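**Q** Shown below is the structure under consideration.
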Amino acid sequence: MIKLFILLSVLLFSGCVKEVQPWEKEQLSSDLMKPDGGNALYKQFQEHIYFSKEGSKGGVGVAGGGCGCN
Amino acid sequence: MQLVRLSLFTCTLLASVQAQDYVNVQYLHYQESDDRITVSTPSLEINKDFGVDYTLNFKASYDGVSGASPTYYDSSSGASNPVRRVPLNSDFGRGPVENPEDIVYDNVGFGERRVALGAMLTTRLESRDEVRIGLNWSLEYDLYLYEGSLEYMHYLDSSKNSSLTFGGSYQRHVNLVPCGEYASECDGSSGPSKQVPSNHSNFQTTFSQILDENSLASATLFYMNENGYLTNSYKNIVRNYYTDPTIVNENRPNSRNEGGIVLEYTKSLVPELALHVSYRYYVDDWEVQSHTPNLKLLYQVSNALRLDAGLRYYYQSAAYFYSGKKDAFTDEKYASSDERLADFSAYEPTLGMNYSFSKDISYNLSGSYYEQSTGLKAIYLITGFKYNF
């Protein structure tokens with residue numbers, strides 16, 4: 001898995017990457033480009049539901065969450 | 001000319017930084033089919049910048065949980081639909097069963113409340129690298145947990161087009177286990193309940209790369225370790241179904257190593273439409289593997305209205321000690337019939353909208369339908385307001 005991660009990282013570094021200047025980042029900084037639309041609580045709710053109903057988790061940050069979830 | 005552009009961008013950036021001061025009030029209503037679980041969760045988030053170097057984020061949530069959760073019990077021992085009650089001093093229908101046909105897998109009612117608080121301080125260094133320090137705390141009747149986290153985001157180039165983030169957290173759970181003769185963690189001296197801890201560590205590395213003016217991608221590698229009491233104290237199993245049928249508390253291994261990778265790609269197809277694609281692969285030493293592809297579209301209809309639509313698919317394999325059958329277990333050390341450890345798939349379509357009344361106030365509403373191949377069906381609505389100040 002570590003090899004896969006390194007390979008993907010190298011692929012991202014090379015080839016299709018373009019040098020983007022700060023003044024070209026307007027679209028990238030819009031809420032459209034955030035999966036949660038800029039609403040952190042929305043994502044937190046969803047992750048809490050998945051955490052309590054499924055047998056796997058992780059990959060969405062190191063902070064927050066956790067419950068008894070009976 | 002580039003200097004003018006940079007100045008304009010800097011102004012825009014500062015304006016957006018100021019717009020990071022907000023109050024976000026959200027409400028979740030979650031409802032499962034078959035009168036299973038209902039959850040109501042009002043939540044509050046406050047985000048405040050202190051200059052351009054510090055941001056403080058505070059979150060508070062309250063969960064009101066009611067309904068029922070399925071497990072095995074002896075239907076001849078009393079009510080056909082037993083209820084877990086506090087104080088937690090019941091055997092939950094556990095013990096020897098005279099007639100095996102009286103063993104049913106059905107809903108057991110319960111109620112729960114949870115309060116959770118979290119705070120995170122983000123500090124930006126001279127290089128604009130970020131250090132994030134977080135604290136979380138959560139309290140339920142039968143669980144108390146606290147957590148500390150630390151993350152460091154390092155820009156890899158002067159244009160800040162790529163970054164590497166390292167993070168770790170430690171979470172301590174103190175579980176209140178209801179004791180009875182057939183609870184795995186308790187013995188004759190435990191009393192009606194017993195406090196047992198578990199430790200949860202989480203490490204994550206994310207590489208993010210801006211690909212061009214309209215797209216970006218990231219890859220995340222994560223590892224988690226859990227140890228201590230990981231059994232669900234409310235879930236029952238059946239042992240010796242054919243010879244001496246007895247309902248007892250399930251028993252899980254006291255350690256779990258988990259890891260995986262998350263790949264994300266975001267593309268602005270046209271200025272008003274963005275596509276988000278992600279995939280997570282997960283594996284652990286309980287032999288659970290999962291795959292989670294996720295697709296989402298966000299569409300800016302007008303300056304005020306934004307719509308979104310998403311589809312999530314989930315598949316997991318079963319834990320090696322899981323069986324949903326009554327006659328599966330005899331004297332195995334580890335055994336569980338909790339459906340969350342079964343082999344199943346799930347899908348979830350989501351529709352949502354966000355309406356901005358002004359540049360400072362917006363309203364959001366979304367609805368999701370969640371269905372598992374285990375039979376679980378649920379809908380949930382998320383609605384709320386966000387106020388920039």
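If you're wondering about the labels, chains in the structure tokens are A, B, ... by order shown, residues count from 1 in each chain, ligands from 1 in order shown.
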Near region 185-191 of chain B, counting only C-alpha atoms, which residues have an atom at most 10 Å away, once you skip same-chain residues fewer than 6 positions from it, shown as an mmCIF file with all heavy atoms, in the first residue's frame?

**A**
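Result written to out.cif:
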data_model
loop_
_atom_site.group_PDB
_atom_site.id
_atom_site.type_symbol
_atom_site.label_atom_id
_atom_site.label_comp_id
_atom_site.auth_asym_id
_atom_site.auth_seq_id
_atom_site.Cartn_x
_atom_site.Cartn_y
_atom_site.Cartn_z
ATOM 1 N N ASN B 89 -28.048 -2.824 34.315
ATOM 2 C CA ASN B 89 -27.797 -3.966 35.179
ATOM 3 C C ASN B 89 -28.560 -5.193 34.715
ATOM 4 O O ASN B 89 -28.908 -6.055 35.484
ATOM 5 C CB ASN B 89 -28.191 -3.634 36.620
ATOM 6 C CG ASN B 89 -29.636 -3.187 36.704
ATOM 7 O OD1 ASN B 89 -30.323 -3.153 35.696
ATOM 8 N ND2 ASN B 89 -30.079 -2.860 37.896
ATOM 9 N N VAL B 177 -19.560 -0.770 30.929
ATOM 10 C CA VAL B 177 -20.093 -2.047 30.444
ATOM 11 C C VAL B 177 -21.154 -2.552 31.411
ATOM 12 O O VAL B 177 -20.886 -2.689 32.607
ATOM 13 C CB VAL B 177 -18.953 -3.086 30.337
ATOM 14 C CG1 VAL B 177 -19.514 -4.439 29.935
ATOM 15 C CG2 VAL B 177 -17.922 -2.614 29.340
ATOM 16 N N PRO B 178 -22.371 -2.801 30.918
ATOM 17 C CA PRO B 178 -23.390 -3.378 31.783
ATOM 18 C C PRO B 178 -23.041 -4.827 32.102
ATOM 19 O O PRO B 178 -22.762 -5.620 31.193
ATOM 20 C CB PRO B 178 -24.663 -3.280 30.946
ATOM 21 C CG PRO B 178 -24.191 -3.240 29.539
ATOM 22 C CD PRO B 178 -22.845 -2.589 29.541
ATOM 23 N N CYS B 179 -23.021 -5.145 33.351
ATOM 24 C CA CYS B 179 -22.570 -6.485 33.741
ATOM 25 C C CYS B 179 -23.732 -7.424 34.030
ATOM 26 O O CYS B 179 -24.805 -7.012 34.411
ATOM 27 C CB CYS B 179 -21.684 -6.403 34.978
ATOM 28 S SG CYS B 179 -20.040 -5.800 34.578
ATOM 29 N N TYR B 229 -10.988 -2.575 25.219
ATOM 30 C CA TYR B 229 -12.323 -3.168 25.133
ATOM 31 C C TYR B 229 -12.998 -2.722 23.842
ATOM 32 O O TYR B 229 -13.432 -1.567 23.722
ATOM 33 C CB TYR B 229 -13.144 -2.747 26.350
ATOM 34 C CG TYR B 229 -14.531 -3.340 26.378
ATOM 35 C CD1 TYR B 229 -14.722 -4.661 26.752
ATOM 36 C CD2 TYR B 229 -15.640 -2.577 26.041
ATOM 37 C CE1 TYR B 229 -15.989 -5.213 26.774
ATOM 38 C CE2 TYR B 229 -16.920 -3.120 26.064
ATOM 39 C CZ TYR B 229 -17.077 -4.440 26.436
ATOM 40 O OH TYR B 229 -18.337 -4.987 26.463
ATOM 41 N N THR B 231 -15.392 -4.785 22.278
ATOM 42 C CA THR B 231 -16.660 -5.514 22.171
ATOM 43 C C THR B 231 -17.833 -4.560 22.311
ATOM 44 O O THR B 231 -17.733 -3.540 22.990
ATOM 45 C CB THR B 231 -16.708 -6.593 23.285
ATOM 46 O OG1 THR B 231 -15.708 -7.573 23.008
ATOM 47 C CG2 THR B 231 -18.064 -7.264 23.386
ATOM 48 N N SER B 233 -21.052 -4.107 24.107
ATOM 49 C CA SER B 233 -21.604 -4.756 25.300
ATOM 50 C C SER B 233 -23.096 -5.041 25.194
ATOM 51 O O SER B 233 -23.652 -5.720 26.060
ATOM 52 C CB SER B 233 -21.337 -3.889 26.529
ATOM 53 O OG SER B 233 -21.895 -2.608 26.335
ATOM 54 N N ASN B 249 -23.084 -12.417 25.694
ATOM 55 C CA ASN B 249 -22.560 -11.208 25.062
ATOM 56 C C ASN B 249 -21.538 -11.601 23.995
ATOM 57 O O ASN B 249 -20.782 -12.560 24.162
ATOM 58 C CB ASN B 249 -21.883 -10.337 26.140
ATOM 59 C CG ASN B 249 -21.413 -8.979 25.630
ATOM 60 O OD1 ASN B 249 -20.583 -8.356 26.276
ATOM 61 N ND2 ASN B 249 -21.920 -8.504 24.518
ATOM 62 N N ASN B 251 -18.060 -11.313 21.765
ATOM 63 C CA ASN B 251 -16.691 -11.061 22.233
ATOM 64 C C ASN B 251 -15.783 -10.807 21.033
ATOM 65 O O ASN B 251 -15.678 -11.646 20.144
ATOM 66 C CB ASN B 251 -16.173 -12.259 23.049
ATOM 67 C CG ASN B 251 -14.888 -11.921 23.775
ATOM 68 O OD1 ASN B 251 -14.674 -10.779 24.176
ATOM 69 N ND2 ASN B 251 -14.021 -12.905 23.940
#

**Q** Using only C-alpha atoms, determine which residues of chain B fall within 6 Å of chain A; present them as an MDAnalysis selection string.

**A** chainID B and resid 6 9 136 149 168:169 202 211:213 222 274 298 340:341

**Q** Quick one: of B:Gln31, B:Asp53, B:Thr165, B:Ile382, who's nearest to Lys43 (chain A), counting only C-alpha atoms?

**A**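 Of B:Gln31, B:Asp53, B:Thr165, B:Ile382, the one nearest Lys43 (chain A) is B:Ile382, counting only C-alpha atoms.
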
**Q** Can you list, as a PDB file with all heavy atoms, in the first residue's frame, every protein, DNA or RNA residue that comes within 7 Å of Asn161 (chain B) when you count only C-alpha atoms, leaving out same-chain residues fewer than 3 positions away?

**A**
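The new file result-v3.pdb reads:
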ATOM      1  N   VAL A  20       0.529  26.570 -11.461  1.00  0.00           N
ATOM      2  CA  VAL A  20      -0.586  27.506 -11.369  1.00  0.00           C
ATOM      3  C   VAL A  20      -0.179  28.674 -10.481  1.00  0.00           C
ATOM      4  O   VAL A  20       0.311  28.482  -9.359  1.00  0.00           O
ATOM      5  CB  VAL A  20      -1.841  26.804 -10.796  1.00  0.00           C
ATOM      6  CG1 VAL A  20      -2.993  27.786 -10.677  1.00  0.00           C
ATOM      7  CG2 VAL A  20      -2.239  25.633 -11.682  1.00  0.00           C
TER       8      VAL A  20
ATOM      9  N   ASP B 157       6.195  23.605  -2.567  1.00  0.00           N
ATOM     10  CA  ASP B 157       6.747  24.491  -3.598  1.00  0.00           C
ATOM     11  C   ASP B 157       6.376  25.940  -3.283  1.00  0.00           C
ATOM     12  O   ASP B 157       5.440  26.202  -2.512  1.00  0.00           O
ATOM     13  CB  ASP B 157       6.238  24.091  -4.985  1.00  0.00           C
ATOM     14  CG  ASP B 157       4.729  24.238  -5.093  1.00  0.00           C
ATOM     15  OD1 ASP B 157       4.038  23.971  -4.088  1.00  0.00           O
ATOM     16  OD2 ASP B 157       4.246  24.635  -6.160  1.00  0.00           O
ATOM     17  N   GLN B 209      -2.168  18.003  -4.598  1.00  0.00           N
ATOM     18  CA  GLN B 209      -1.526  18.621  -5.756  1.00  0.00           C
ATOM     19  C   GLN B 209      -2.575  19.360  -6.588  1.00  0.00           C
ATOM     20  O   GLN B 209      -3.597  18.779  -6.972  1.00  0.00           O
ATOM     21  CB  GLN B 209      -0.859  17.542  -6.616  1.00  0.00           C
ATOM     22  CG  GLN B 209      -0.276  18.037  -7.917  1.00  0.00           C
ATOM     23  CD  GLN B 209       0.997  18.854  -7.697  1.00  0.00           C
ATOM     24  OE1 GLN B 209       1.955  18.373  -7.097  1.00  0.00           O
ATOM     25  NE2 GLN B 209       0.988  20.103  -8.181  1.00  0.00           N
ATOM     26  N   ILE B 210      -2.301  20.650  -6.847  1.00  0.00           N
ATOM     27  CA  ILE B 210      -3.103  21.383  -7.828  1.00  0.00           C
ATOM     28  C   ILE B 210      -2.605  20.972  -9.206  1.00  0.00           C
ATOM     29  O   ILE B 210      -1.406  21.087  -9.495  1.00  0.00           O
ATOM     30  CB  ILE B 210      -2.977  22.900  -7.607  1.00  0.00           C
ATOM     31  CG1 ILE B 210      -3.662  23.297  -6.297  1.00  0.00           C
ATOM     32  CG2 ILE B 210      -3.584  23.663  -8.782  1.00  0.00           C
ATOM     33  CD1 ILE B 210      -3.466  24.745  -5.906  1.00  0.00           C
TER      34      ILE B 210
END

**Q** What does the structure give for the distance between CA of Leu139 (chain B) and CA of Val115 (chain B), in Å to one decimal?

**A**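 Separation between CA of Leu139 (chain B) and CA of Val115 (chain B): 5.3 Å.
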
**Q** According to DSSP computed on the backbone, where in region 120-332 of chain B is there strand (DSSP E)? Give the residues as a VMD selection string.

**A** chain B and resid 120 to 124 130 to 140 143 to 155 162 to 178 193 to 212 215 to 228 236 to 239 246 to 249 255 to 270 273 to 284 289 to 300 305 to 316

**Q** Taking C-alpha atoms for each residue, export the selection above as a short mmCIF file (atom, residue, chain, number, x, y, z; two decimals), in the first residue's frame.

**A**
data_model
loop_
_atom_site.label_atom_id
_atom_site.label_comp_id
_atom_site.auth_asym_id
_atom_site.auth_seq_id
_atom_site.Cartn_x
_atom_site.Cartn_y
_atom_site.Cartn_z
CA MET B 120 -9.14 23.27 16.87
CA LEU B 121 -6.50 25.98 16.68
CA THR B 122 -4.79 26.52 13.31
CA THR B 123 -1.52 28.40 13.36
CA ARG B 124 0.12 29.64 10.13
CA GLU B 130 -0.01 25.22 9.03
CA VAL B 131 0.00 23.57 12.43
CA ARG B 132 -3.37 22.38 13.75
CA ILE B 133 -3.95 21.39 17.34
CA GLY B 134 -7.28 19.83 18.25
CA LEU B 135 -9.10 18.69 21.36
CA ASN B 136 -12.32 16.67 21.40
CA TRP B 137 -14.52 15.46 24.17
CA SER B 138 -17.69 13.37 24.11
CA LEU B 139 -20.02 12.04 26.78
CA GLU B 140 -22.74 9.40 26.61
CA LEU B 143 -19.08 6.13 27.11
CA TYR B 144 -16.75 8.96 27.92
CA LEU B 145 -14.01 9.85 25.46
CA TYR B 146 -11.40 12.52 24.99
CA GLU B 147 -8.98 13.10 22.15
CA GLY B 148 -5.95 15.17 21.26
CA SER B 149 -4.74 15.69 17.70
CA LEU B 150 -1.84 17.36 15.93
CA GLU B 151 -1.40 18.05 12.20
CA TYR B 152 1.30 19.76 10.21
CA MET B 153 0.75 20.90 6.62
CA HIS B 154 3.89 21.71 4.65
CA TYR B 155 3.89 23.40 1.25
CA SER B 162 1.44 20.97 -3.62
CA SER B 163 1.48 20.12 0.04
CA LEU B 164 2.14 17.27 2.39
CA THR B 165 0.17 16.92 5.61
CA PHE B 166 1.13 14.70 8.53
CA GLY B 167 -1.32 14.13 11.34
CA GLY B 168 -1.91 11.99 14.37
CA SER B 169 -4.45 11.70 17.13
CA TYR B 170 -4.97 9.73 20.30
CA GLN B 171 -8.42 8.95 21.65
CA ARG B 172 -9.17 7.38 25.00
CA HIS B 173 -12.54 5.72 25.57
CA VAL B 174 -13.89 4.83 28.97
CA ASN B 175 -16.72 2.37 28.37
CA LEU B 176 -19.35 1.64 30.98
CA VAL B 177 -20.09 -2.05 30.44
CA PRO B 178 -23.39 -3.38 31.78
CA SER B 193 -21.53 -2.20 35.62
CA LYS B 194 -17.82 -1.88 35.03
CA GLN B 195 -15.60 0.80 33.49
CA VAL B 196 -13.24 -0.57 30.86
CA PRO B 197 -10.96 1.56 28.67
CA SER B 198 -9.89 1.38 25.06
CA ASN B 199 -7.22 3.35 23.18
CA HIS B 200 -7.56 4.60 19.61
CA SER B 201 -4.63 6.02 17.62
CA ASN B 202 -4.94 7.48 14.15
CA PHE B 203 -2.11 8.52 11.79
CA GLN B 204 -2.57 10.03 8.37
CA THR B 205 -0.45 11.47 5.56
CA THR B 206 -1.98 13.42 2.69
CA PHE B 207 -0.30 14.59 -0.47
CA SER B 208 -2.28 17.30 -2.29
CA GLN B 209 -1.53 18.62 -5.76
CA ILE B 210 -3.10 21.38 -7.83
CA LEU B 211 -3.11 19.98 -11.36
CA ASP B 212 -4.18 23.12 -13.23
CA SER B 215 -8.51 20.67 -11.00
CA LEU B 216 -6.76 19.22 -8.00
CA ALA B 217 -6.07 15.79 -6.57
CA SER B 218 -4.94 14.23 -3.32
CA ALA B 219 -3.81 10.89 -1.98
CA THR B 220 -4.12 9.95 1.68
CA LEU B 221 -2.53 7.06 3.50
CA PHE B 222 -3.96 6.23 6.92
CA TYR B 223 -3.24 3.81 9.73
CA MET B 224 -5.20 3.26 12.92
CA ASN B 225 -4.69 1.09 15.97
CA GLU B 226 -7.35 0.30 18.51
CA ASN B 227 -6.77 -1.73 21.65
CA GLY B 228 -8.63 -2.46 24.85
CA ASN B 236 -25.64 -10.91 21.83
CA ILE B 237 -24.68 -14.18 20.18
CA VAL B 238 -25.92 -17.74 20.51
CA ARG B 239 -23.55 -20.51 21.61
CA THR B 246 -27.19 -20.12 25.56
CA ILE B 247 -27.36 -16.43 24.71
CA VAL B 248 -24.24 -14.53 25.75
CA ASN B 249 -22.56 -11.21 25.06
CA SER B 255 -6.81 -5.08 19.31
CA ARG B 256 -7.41 -3.94 15.76
CA ASN B 257 -4.94 -2.62 13.19
CA GLU B 258 -6.52 -0.75 10.31
CA GLY B 259 -5.17 1.01 7.27
CA GLY B 260 -6.03 2.25 3.84
CA ILE B 261 -5.73 4.79 1.13
CA VAL B 262 -8.02 7.56 -0.10
CA LEU B 263 -7.75 9.06 -3.58
CA GLU B 264 -9.63 12.25 -4.41
CA TYR B 265 -9.99 14.18 -7.64
CA THR B 266 -11.88 17.44 -8.11
CA LYS B 267 -12.48 19.07 -11.48
CA SER B 268 -14.31 22.24 -12.40
CA LEU B 269 -15.93 21.13 -15.66
CA VAL B 270 -17.25 24.62 -16.38
CA LEU B 273 -20.13 22.92 -12.32
CA ALA B 274 -17.64 20.91 -10.30
CA LEU B 275 -17.12 17.15 -10.19
CA HIS B 276 -15.79 15.36 -7.11
CA VAL B 277 -14.63 11.76 -7.34
CA SER B 278 -13.10 9.79 -4.50
CA TYR B 279 -12.26 6.22 -3.65
CA ARG B 280 -11.26 4.67 -0.33
CA TYR B 281 -9.70 1.27 0.18
CA TYR B 282 -9.66 -0.07 3.74
CA VAL B 283 -8.21 -3.24 5.26
CA ASP B 284 -7.77 -4.48 8.82
CA GLN B 289 -11.84 -5.00 3.62
CA SER B 290 -13.92 -2.24 2.16
CA HIS B 291 -14.21 -0.23 -1.04
CA THR B 292 -15.94 3.15 -1.10
CA PRO B 293 -16.30 5.01 -4.39
CA ASN B 294 -18.03 8.36 -4.15
CA LEU B 295 -19.23 10.76 -6.82
CA LYS B 296 -20.61 14.26 -6.34
CA LEU B 297 -21.62 17.16 -8.58
CA LEU B 298 -22.02 20.75 -7.38
CA TYR B 299 -23.82 23.17 -9.68
CA GLN B 300 -23.97 26.93 -9.16
CA LEU B 305 -28.55 29.09 -5.53
CA ARG B 306 -26.28 26.06 -5.58
CA LEU B 307 -27.46 22.48 -6.09
CA ASP B 308 -25.60 19.27 -5.42
CA ALA B 309 -26.16 15.61 -6.17
CA GLY B 310 -24.08 12.70 -4.95
CA LEU B 311 -23.90 8.93 -5.08
CA ARG B 312 -21.89 6.82 -2.66
CA TYR B 313 -21.35 3.07 -2.87
CA TYR B 314 -19.86 0.93 -0.12
CA TYR B 315 -18.84 -2.70 0.05
CA GLN B 316 -17.17 -4.58 2.91
#

**Q** Separation of CA of Ser368 (chain B) and CA of Ile37 (chain B), in Å?

**A** 15.7 Å
